[in-house]
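**Student:** Before I ask anything, let me first share the structure, which is written out below as structure tokens.
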Amino acid sequence: MARLNPNGLCTARDGTLYVTTVGSEVFSSGDRPSGNIIRIAPDAVAEVFWETDLPYPNGAVLAEDERLLYVAETFGQRVSVFDLSAPGSRRTVTVGGTVPDGICDAGEESFWFADVVGAQCVRARIDGEVLETRKFSRPCYAPVLNGDRSRLYVAIADSYTPDVGARGTGALVWTALD
């Protein structure tokens with residue numbers, strides 16, 4: 001059921017889990033198999049939620065009302081939006097030139113995603129409209145909002161490669177939001 005390396009995880013209020021598996025090693029070359037999404041019910045029954053066309057699903061988060069599931073697809077250079085009230089429903093959001101990594105809900109059918117190559121976080125709507133962008137000094141990996149959504153916290157690091165990661169250059173930074 002699970003493909004190579006579970007990576008993203010989010011949970012609904014009822015205890016349902018959504019787990020992304022990336023399908024390939026990050027540094028592999030050539031054709032990459034699709035990752036998938038596994039849904040695990042509160043009674044621990046697991047099923048494949050989405051099977052195909054997920055190029056390295058990296059981050060996953062539910063919208064606040066739990067109607068939408070957002071999945072950042074790093075090698076797909078897009079975010080998939082799944083409408084949980086309509087089985088099989090999926091739309092993709094592409095913001096040109098970005099490589100989505102981590103993701104968080106921003107309310108009002110929007111989300112923040114970390115653009116790992118652009119050293120920025122982008123807030124976009126599910127229709128693809130970019131609402132705002134925040135630049136950082138280094139590549140970004142994992143955004144999250146504080147409780148009142150007045151600050152965006154982001155994990156940053158010089159690189160995700162093992163040699164650079166071993167140097168311990170990562171940091172957690174934040175920026176105030178309007």
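Numbering starts fresh at 1 for the residues of each chain in the structure tokens, the chains themselves are lettered A, B, ... in the order given, and ligands are numbered from 1 as they appear.
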Excluding Asp83 (chain A) and its own-chain neighbours fewer than 6 positions away, which residues fall within 9 Å of it when counting only C-alpha atoms? Please give them as a CSV table (one decimal) with C-alpha atoms, in the first residue's frame.

**Tutor:**
chain,number,residue,atom,x,y,z
A,67,ARG,CA,-13.5,19.9,3.4
A,68,LEU,CA,-10.3,20.2,1.4
A,69,LEU,CA,-6.9,18.4,1.5
A,89,SER,CA,-12.3,15.2,-7.1
A,90,ARG,CA,-9.0,16.9,-7.6
A,91,ARG,CA,-7.7,20.2,-9.0

**Student:** If you measure from CA of Ala119 (chain A) to CA of Arg138 (chain A), what distance in Å do you get, rounded to one decimal?

**Tutor:**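 According to the coordinates, CA of Ala119 (chain A) and CA of Arg138 (chain A) are separated by 5.2 Å.
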
**Student:** Point out the residue among A:Arg78, A:Arg134, A:Arg149, A:Arg39 with the least atom-to-atom distance to Ala106 (chain A), counting only C-alpha atoms.

**Tutor:**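 Distance minimum relative to Ala106 (chain A) lands on A:Arg149.
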
**Student:** What's the 12 Å shell around Ser137 (chain A), counting only C-alpha atoms, without same-chain residues fewer than 3 positions away, as a list in words?

**Tutor:**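 The residues that qualify are Val116, Val117, Gly118, Ala119, Gln120, Cys121, Arg134, Cys140, Val154, Ala155, Ile156, Ala157, Asp158, Ser159, Gly170, Ala171, Leu172, Val173 and Trp174 of chain A.
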
**Student:** Which one is closest to Tyr141 (chain A): A:Val93, A:Leu177, A:Asn58, A:Pro87? Count only C-alpha atoms.

**Tutor:**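 That would be A:Asn58, the residue with the smallest distance to Tyr141 (chain A).
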